[in-house]
Structures are given as structure tokens and as C-alpha cells.
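See structure below.
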Amino acid sequence: MAFWTYNGLKFGIKSVKFPKENDFYDGFISSVKINGQKCLSQDKTAGSPEKSSEFQCRKCELACPTKAINLKNLAGGENGKGAPALKPLDANRCIFCGLCIDACSNIAGAISYSKDFDFGIASQPYADKRKAFKKSLFVKHIDTGSCGACEAEINALNNPYYNMHRLGIFITPSPRFADVLLVTGTFTKKMSDIFFNVLDNIPKPRYVVLTGSCPLTGGVFENGFKDGGGNKGLLFNNESEIKKLFEEDNVIALPHCPPNPFEILNVLLLIKNGDFK
Amino acid sequence: MQKKFLGDYEFIWGPVRKGVNESILYEFLSSGEELHNLDITFGYKKRDVRNVLAEKGNLYEQVLVVERISGLHAFSASLSYCLSVENFFGLADKIHKNLQILRMFFAEAERIRNHIENLSEIAESTYIQVPSAMYAYYAEMLKQLFVKFLNSRYLMGINMIGGVRKNLSLNDMEFIFNSVKSIVNSVQEIIKKNMETKSHIDRLKTTGKIDMKTAKRFCAKGVVAKSAGINPDLRIKRPYLLYGDTKLNSIIFNDGDAFSRYMVRIGEITQSLSILDYCLEMLKKNRFNNTSDYFVNMKEIDERTKKHGFGYAESSEGPIFCYAADFDGSVFKKINIKYPFGNNYKLFACGVKNTMMMDFNINETSYNFSVAAADK
């Protein structure tokens, strides 16, 4: 084994400096953004969006397979009136297929991939805003019907590049020792009771991170099991148990399909450091 | 459940297991060290894929769903779907050779990534953490390479009906090939050192042994079949795309144990790199310029000539078959996709009998299952 110890040392440190520096790799994507100035959805000559009688261009909205784009919200955002405007692109639904970018590229080039961590992770109400954990963070994972890509991304956090252990974050086999429950998958009926059983065994304070589009909105599988309630995910689920979960627990939405390891790490670090506002 | 003897006990493992794993239920019957019986229960992850596909609005939306049945085999699955749809529309001969080469290129890149990830898991299951971490690092490098050029770490959103969606130039392809080559060379260095690690090799040898007869009885697929002396590789037996021109040799081992499966994966990594090299040479020879130059004009599609379409692709773990029928003008209402894992799980449950409980993890890892694909 001394042979491998030597080789390991020779291999050197390969970890990123994140979170000290945002040294993301080339091509890193964290979100999709719509530039309201470039967007041709409204008739800008009409003065204000309200006066514009109809949308001039809705190609991105029509191309989106998960109905994540709503250009009416772009008008609200540009107007800047009242409460914080809804975003034209609902990150909880976006699966990064890039069809909107393709649709817009030859027209206005208003949509592009972005590197910023701007996906509204604090969109849910929090029961506890204090720094809940003093030292290391233990994470339990539960798969409720995923494709395996989210699991691969969570597993990637253990590789030398992300190396989440250096930040005091560990995967635990037992819910009894867990601080965070990472949920992946469409939240199938068969996994529902098992999910609540696992959750009941996690001591409070605890966080539930809905990882990926599937547990949020059902992702591309939204139309499944229509007779049995559908693969709707958790955000728009009206079952009393799930409503109670959102009321009583700290639920965090981490969208995209699959979410990048940097995004997962960012959320876990925010929980660990008590930085959610 | 098998008959219990004095001292035998049953226990369950799952559906929520330790670490980061997919949900599946294992029921063991064991007398301590020896595992007498294993019952596997699926169904925890069913997403009603067939109806989801039928409800989609267009063919590309169906591609997006097919890719997400099993995220680790996204490219192979979407390729088999696209080939079946192209077969239905009579487009198979109209796809430009360069696009077929690109599809071969990415299918082999996906195979390399999956095999390297599995080597990492196998090394971890034998408790040698350093090579496991090194393999995982190189698998990560491959994913980062993919996202740089293709905007997806899992090769999602690349295939489309009639070709490849991403616009790539010859320079891009050359860069991708050189990067993959350098990663594979580094991985081969680790493999070489790993072969000298006795504790690693000894634990793999004779673990989870299956004979050819049993493998044939359960219609074993992919790596598992190749490790037991059967060659079901569709790239050789029934070549699709331009695999017929590559003159591939079968990578076959006869022992049927975890070590044979490990060796098949190592052999396939080298083989896939040589296919990537061939693809790049062909692109240069064909004066490939930009992907967008070769798109099939979908308006030229002939009227429906067939009742159904059929396509297949060899993924890293075995063949993925796709059958598409009932085209309603916008989507196929009936799509059946068959992954290799259903057969391999049955074989695994049989082959694991009377093996050591301690070796269960090594045995399971060497099969590299995707529960999502078996439980769609």
C-alpha cells in the first residue's frame, strides 16, 4: 500500500479553490439568462409593456419543452413596478436543453448560458434562518425516481477535483446522523412513504434539498401517471403531508437537469455556513 | 424465498441504501459468510416512461425523455431512438457519412467515460482509494471536456432526428480527440500499476463467477456476456452507422468472474480510443467542415413508408433496442426501449448464490447496473 501512498502524493493536489475563488472550469454553466434589452418579445416602440398589445416574438417560449419560459414576466421585470418581478425563466423547470438559445440565436441572441449562481435557491420559506450547524455537515441521499445522472453528480463531489471532504461535508449511510437530506427523482408514489420514514429519522434542525428538476416539478416526466396524481414533483403537490413538509422544514430548491456539482456544493456550503437569507 | 436451514437468516437492504445509490430492494438469505439466495425487487422508481413519451409534443421532446431514462447512457439511448425514427421515415441512407461518424465518436466517448467511472467504483469496492480517486478524477476531466464543447456533462441534447444538434468544427473534434487520448493514456498508466496490486486483483479473480451456459440461459448482455465467452456486440454482429468499416475485434474473456468483466472494460477503453482515431481520420478524409453543413432537410422526408421503425445501439453495458410505432403526425404514440439491465439483473441474482457476502459489493459493481433503465 506504500506504493499507492507514494503515487497518491506524486499525483498532487487536484482540488479546485472554490469557494475561496470561483475557479470554474471552461464551459461551466449554472443558469440560462434572458437579456430583456435584446429580447424582441415586446413592441418597444409602444412605450411600456402594458401598451404592447401582443408579443412580437415568442420563439423561445414555444420551443421550451418544460414550459419554463414566460415572457410576460420579462415585461414585469423590465417595468420594475411593485413586488420583485417573477423571472421570465423559471429555473425550477429548466433542464438546460438549450432549445431556447438555439431559437433565439439567429433572431436577437438575447438568451445565453451564464456562470452566475442565480437560480433562486432561497425560494422556499425557512423555519430556521440561524446558523444551524457548528462544524461538519452530514448528508443523506434518497433516490425517489431519478435517471442516475443526479446521483453521478453527487458522487462526483467525492472525487479529487471537488473533494467536498476538505470542506467538512460528508455522505452518511444513516439518516440518524444526517443534517441534510438530498432528494433526487420524480417523487414516485412508492417512494413517498419511504421518504417520510427517512425524514422522520433525521433529527432537527435539518434541511431538505430537492436536487434537480425532477423532485421540483417532475422535469421531463411531468406527464407520467396522470391517473395516479402524476409525476408532479414536490413544488406543486397539494398533498397535505407535502404541504406540511414545506411549512415545517427548511426546504431548498436546487434546479436543473442534472445540477452541476458546483451548484450542489454551493448549496451545501450555504447550509453549513448558515448563509441563507 | 429459498428453504431456510438452521442458522440461516434473512435480511433486507434497501430501497434506500448507504452512500449515493439508486433505489432497489435486495432480500438476502445468508448463513453469515455465504450468501444462499438473493431476491431483487424493482418498481420504486417507475416513472411511466411509455405514457410520458406518448404525451410529448414533438420528436425532439421525445429524444429529451429517452435520454433521461438512464442519464449515464443518454447518448446510446437517444441514438437508438433516432435510428428507429430514421428507419421509420426511410432516412437511414440519407444521413451524411460525417454525421454518422460524429455519432460513432460520441457513442465511443460515452463508453470510455462509463468504463473509467466503473473502474473507479471497482477500485473503491476493493478498498484501494488512491487509484479509485485517480480514475474518478479523469472521468471528471472527460465530463468537463464534454460540457466545454457540447454543453452537457452526460452527452444529453446532442442527437436529433437526422443528425447531430451541436455545431462542431474539425478543430473542435481534433481537440476533443487529443484530450480524450491524453486522459486514456493517463488511465492506462493507472491500470498498469493496478494490475500489479495483488490485493486488488486477487479480490476480483473468481468473484461472482458465471459460466457460459448460465449466461446463455439468461441471455446475458454486454460486458457480462463478453466476460463469459459470448460475443453479442452489435457493432460487430450487426453493424450500424459505419461500424462495419472499423474491423473491430471481439474482446472476450472466458472466466466469467469480476476480473474478466474488469478486463473487458479495460480492453474496450483501448478499442474505443482506436475507433475515435478512425473517426477523426475519416472526418479529415471527408473534409468535414461544420456539422451544420450536413443536416438532413426534414422537409424532404418521404411520406410514411413503414408501419414501425426499429433501431439499436451498443451502449457501454450492452445493446439498447428501440421500437417506434403509431406515428400521429407529430410524435410516436408507441415507443418500446429495451435496456440490457433486465436480463443482467436476473443473471446476477442467479450468479450471486453461494458466493461470499463480503464480495457482494465487488460483484454488484462489476455489473455496473442502472436501476433507472431497468425500472422505467
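We name chains A, B, ... following the order of the C-alpha cells; residues begin at 1 in each chain, and ligands are numbered from 1 as shown.
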message: I need the contact residues of chain A against chain B, so if you could list those with any atom within 7 Å, counting only C-alpha atoms, and return them as a PyMOL selection string, that would help.
response: chain A and resi 4+8+26-27+65+97+141-149+151+155+159-161+171-173+188+190-191+220-221+223-225
Could you turn the residues from that selection into a file that holds N, CA, C and O atoms, as a compact mmCIF listing (two decimals), in the first residue's frame?
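The result, stored in again38.txt:
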```txt
# COMPACT_ATOMS: atom_id res chain seq x y z
N TRP A 4 0.91 2.87 -3.35
CA TRP A 4 -0.19 3.76 -3.74
C TRP A 4 -0.14 5.08 -2.97
O TRP A 4 -0.55 6.12 -3.48
N GLY A 8 -0.12 8.47 -4.84
CA GLY A 8 -1.13 9.48 -4.49
C GLY A 8 -0.49 10.82 -4.22
O GLY A 8 -0.98 11.87 -4.68
N ASP A 26 -13.66 25.58 -17.85
CA ASP A 26 -14.16 26.16 -19.11
C ASP A 26 -15.50 25.53 -19.47
O ASP A 26 -15.64 24.31 -19.44
N GLY A 27 -16.43 26.35 -19.84
CA GLY A 27 -17.73 25.83 -20.28
C GLY A 27 -18.70 25.59 -19.14
O GLY A 27 -19.79 25.07 -19.36
N PRO A 65 -39.42 22.83 -23.93
CA PRO A 65 -40.18 21.58 -23.73
C PRO A 65 -40.77 21.45 -22.33
O PRO A 65 -41.67 20.65 -22.11
N CYS A 97 -31.70 22.27 -21.89
CA CYS A 97 -31.66 21.62 -23.21
C CYS A 97 -31.10 22.58 -24.25
O CYS A 97 -30.61 22.15 -25.30
N HIS A 141 -28.63 10.78 1.24
CA HIS A 141 -29.25 10.88 -0.08
C HIS A 141 -30.40 9.88 -0.22
O HIS A 141 -30.33 8.77 0.30
N ILE A 142 -31.46 10.30 -0.88
CA ILE A 142 -32.55 9.37 -1.21
C ILE A 142 -32.97 9.58 -2.66
O ILE A 142 -33.14 10.71 -3.11
N ASP A 143 -33.07 8.46 -3.37
CA ASP A 143 -33.47 8.50 -4.78
C ASP A 143 -34.95 8.16 -4.86
O ASP A 143 -35.36 7.07 -4.45
N THR A 144 -35.74 9.08 -5.38
CA THR A 144 -37.19 8.82 -5.49
C THR A 144 -37.63 8.73 -6.95
O THR A 144 -38.74 9.12 -7.29
N GLY A 145 -36.73 8.22 -7.81
CA GLY A 145 -37.11 8.03 -9.22
C GLY A 145 -36.31 8.87 -10.18
O GLY A 145 -36.87 9.52 -11.07
N SER A 146 -35.00 8.86 -10.02
CA SER A 146 -34.17 9.69 -10.90
C SER A 146 -33.58 8.84 -12.03
O SER A 146 -33.76 7.62 -12.06
N CYS A 147 -32.86 9.50 -12.95
CA CYS A 147 -32.27 8.77 -14.08
C CYS A 147 -30.86 8.30 -13.77
O CYS A 147 -30.25 7.60 -14.56
N GLY A 148 -30.33 8.71 -12.65
CA GLY A 148 -28.97 8.28 -12.28
C GLY A 148 -27.93 9.37 -12.50
O GLY A 148 -26.82 9.27 -11.98
N ALA A 149 -28.28 10.40 -13.26
CA ALA A 149 -27.30 11.47 -13.53
C ALA A 149 -27.09 12.34 -12.28
O ALA A 149 -25.96 12.73 -11.98
N GLU A 151 -27.35 11.32 -9.23
CA GLU A 151 -26.53 10.52 -8.31
C GLU A 151 -25.06 10.61 -8.72
O GLU A 151 -24.17 10.73 -7.87
N ASN A 155 -22.09 11.93 -6.46
CA ASN A 155 -20.89 11.10 -6.27
C ASN A 155 -19.63 11.83 -6.70
O ASN A 155 -18.56 11.63 -6.14
N ASN A 159 -14.87 13.14 -5.73
CA ASN A 159 -13.63 12.97 -6.50
C ASN A 159 -12.63 14.09 -6.16
O ASN A 159 -13.00 15.12 -5.58
N PRO A 160 -11.34 13.89 -6.48
CA PRO A 160 -10.32 14.85 -6.04
C PRO A 160 -10.53 16.27 -6.56
O PRO A 160 -9.99 17.21 -6.00
N TYR A 161 -11.31 16.43 -7.62
CA TYR A 161 -11.49 17.77 -8.19
C TYR A 161 -12.35 18.65 -7.27
O TYR A 161 -11.98 19.78 -6.97
N ILE A 171 -20.94 12.29 3.19
CA ILE A 171 -22.16 11.50 2.95
C ILE A 171 -22.25 10.49 4.10
O ILE A 171 -21.27 9.83 4.43
N THR A 172 -23.43 10.39 4.71
CA THR A 172 -23.59 9.45 5.82
C THR A 172 -24.56 8.33 5.42
O THR A 172 -25.53 8.58 4.70
N PRO A 173 -24.29 7.10 5.87
CA PRO A 173 -25.21 6.00 5.50
C PRO A 173 -26.51 6.03 6.27
O PRO A 173 -27.51 5.48 5.84
N THR A 188 -41.81 9.36 -6.79
CA THR A 188 -42.80 8.35 -7.15
C THR A 188 -43.65 7.99 -5.93
O THR A 188 -43.21 8.16 -4.79
N LYS A 190 -44.44 5.13 -4.77
CA LYS A 190 -43.89 4.04 -3.98
C LYS A 190 -42.77 4.53 -3.04
O LYS A 190 -42.51 3.92 -2.02
N MET A 191 -42.11 5.62 -3.42
CA MET A 191 -41.02 6.13 -2.59
C MET A 191 -41.51 7.17 -1.58
O MET A 191 -40.76 7.58 -0.70
N VAL A 220 -38.90 16.39 -17.21
CA VAL A 220 -39.48 15.92 -18.47
C VAL A 220 -40.52 14.81 -18.25
O VAL A 220 -41.23 14.44 -19.17
N PHE A 221 -40.59 14.29 -17.03
CA PHE A 221 -41.53 13.20 -16.75
C PHE A 221 -42.85 13.68 -16.16
O PHE A 221 -43.62 12.90 -15.61
N ASN A 223 -45.63 14.39 -17.29
CA ASN A 223 -46.90 13.84 -17.80
C ASN A 223 -47.17 12.40 -17.36
O ASN A 223 -48.20 11.84 -17.73
N GLY A 224 -46.27 11.81 -16.61
CA GLY A 224 -46.45 10.40 -16.26
C GLY A 224 -47.49 10.18 -15.19
O GLY A 224 -47.78 11.07 -14.39
N PHE A 225 -48.06 8.99 -15.14
CA PHE A 225 -49.05 8.57 -14.12
C PHE A 225 -50.16 9.60 -13.94
O PHE A 225 -50.45 10.04 -12.82
```
message: Considering only alpha helix (DSSP H) as DSSP defines it on the backbone, what residues of segment 147-217 of chain A qualify? List them as a ChimeraX atom specification.
response: /A:149-156,189-200,213-217
I'd like the neighbourhood of Asn201 of chain A as a PDB file with N, CA and C atoms, in the first residue's frame, where a residue qualifies if any of its atoms comes within 12 Å (using only C-alpha atoms), though same-chain residues fewer than 5 positions away should be ignored.
```
ATOM      1  N   LYS A 140     -27.474  12.877   3.818  1.00  0.00           N
ATOM      2  CA  LYS A 140     -28.082  11.600   3.448  1.00  0.00           C
ATOM      3  C   LYS A 140     -28.768  11.783   2.100  1.00  0.00           C
ATOM      4  N   SER A 174     -26.519   6.651   7.446  1.00  0.00           N
ATOM      5  CA  SER A 174     -27.715   6.595   8.294  1.00  0.00           C
ATOM      6  C   SER A 174     -28.382   7.966   8.406  1.00  0.00           C
ATOM      7  N   PRO A 175     -29.715   7.998   8.300  1.00  0.00           N
ATOM      8  CA  PRO A 175     -30.409   9.287   8.470  1.00  0.00           C
ATOM      9  C   PRO A 175     -30.263   9.848   9.891  1.00  0.00           C
ATOM     10  N   ARG A 176     -29.985   8.958  10.866  1.00  0.00           N
ATOM     11  CA  ARG A 176     -29.857   9.396  12.265  1.00  0.00           C
ATOM     12  C   ARG A 176     -28.736  10.417  12.457  1.00  0.00           C
ATOM     13  N   PHE A 177     -27.708  10.325  11.621  1.00  0.00           N
ATOM     14  CA  PHE A 177     -26.576  11.238  11.765  1.00  0.00           C
ATOM     15  C   PHE A 177     -26.624  12.386  10.767  1.00  0.00           C
ATOM     16  N   ALA A 178     -27.693  12.434   9.968  1.00  0.00           N
ATOM     17  CA  ALA A 178     -27.711  13.394   8.852  1.00  0.00           C
ATOM     18  C   ALA A 178     -28.215  14.768   9.283  1.00  0.00           C
ATOM     19  N   ASP A 179     -27.702  15.779   8.599  1.00  0.00           N
ATOM     20  CA  ASP A 179     -28.176  17.153   8.781  1.00  0.00           C
ATOM     21  C   ASP A 179     -28.990  17.593   7.563  1.00  0.00           C
ATOM     22  N   VAL A 180     -28.642  16.996   6.427  1.00  0.00           N
ATOM     23  CA  VAL A 180     -29.276  17.390   5.157  1.00  0.00           C
ATOM     24  C   VAL A 180     -29.768  16.144   4.445  1.00  0.00           C
ATOM     25  N   LEU A 181     -30.954  16.232   3.866  1.00  0.00           N
ATOM     26  CA  LEU A 181     -31.464  15.138   3.037  1.00  0.00           C
ATOM     27  C   LEU A 181     -31.487  15.618   1.590  1.00  0.00           C
ATOM     28  N   ILE A 194     -41.490   5.944   2.034  1.00  0.00           N
ATOM     29  CA  ILE A 194     -40.094   5.687   2.415  1.00  0.00           C
ATOM     30  C   ILE A 194     -39.375   7.013   2.665  1.00  0.00           C
ATOM     31  N   PHE A 195     -39.690   8.011   1.833  1.00  0.00           N
ATOM     32  CA  PHE A 195     -39.084   9.344   2.003  1.00  0.00           C
ATOM     33  C   PHE A 195     -39.434   9.914   3.380  1.00  0.00           C
ATOM     34  N   PHE A 196     -40.731   9.845   3.738  1.00  0.00           N
ATOM     35  CA  PHE A 196     -41.141  10.425   5.025  1.00  0.00           C
ATOM     36  C   PHE A 196     -40.579   9.610   6.202  1.00  0.00           C
ATOM     37  N   ARG A 206     -32.795  20.378  10.465  1.00  0.00           N
ATOM     38  CA  ARG A 206     -32.444  19.627   9.263  1.00  0.00           C
ATOM     39  C   ARG A 206     -32.866  20.415   8.033  1.00  0.00           C
TER      40      ARG A 206
END
```
task: To one decimal in Å, tell me the separation between atom CA of Phe89 of chain B and atom CA of Asn167 of chain B.
output: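 Interatomic distance, atom CA of Phe89 of chain B to atom CA of Asn167 of chain B: 23.8 Å.
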query: Restricting the calculation to only C-alpha atoms, which member of B:Ile320, B:Met195, B:Ile210, B:Val164 is positioned closest to Phe295 of chain B?
result: B:Val164
- prompt: What separation in Å, quoted to one decimal, exists between atom CA of Ile13 of chain A and atom CA of Asp172 of chain B?
  reply: 28.8 Å
task: Excluding Ser80 of chain B and residues on its chain fewer than 5 positions from it, collect all residues at most 12 Å away from it, counting only C-alpha atoms, and give them as a ChimeraX atom specification.
output: /B:63,66-67,73-75,85-87,103-104,107,159-161,234,240-241,309-315,319-324,335-339
query: Residues of segment 105-299 of chain B in strand (DSSP E or B) according to DSSP, as a list of chain:residue names?
result: B:Asn159, B:Met160, B:Gly163, B:Val164, B:Ser169, B:Asn290
message: My list of candidates is A:Ile34, A:Pro205, A:Gly12, A:Phe262. Which is closest to Met164 of chain A when distances are computed with only C-alpha atoms?
response: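 Closest to Met164 of chain A of all the choices is A:Phe262.
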- prompt: In Å, with one decimal, what is the gap from atom CA of Tyr9 of chain B to atom CA of Ile362 of chain B?
  reply: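 Between these atoms lies a distance of 22.0 Å.
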query: Counting only C-alpha atoms, what is within 8 Å of Asp90 of chain A, bar same-chain residues fewer than 4 positions away, as number ranges by chain?
result: A: 68-70, 94
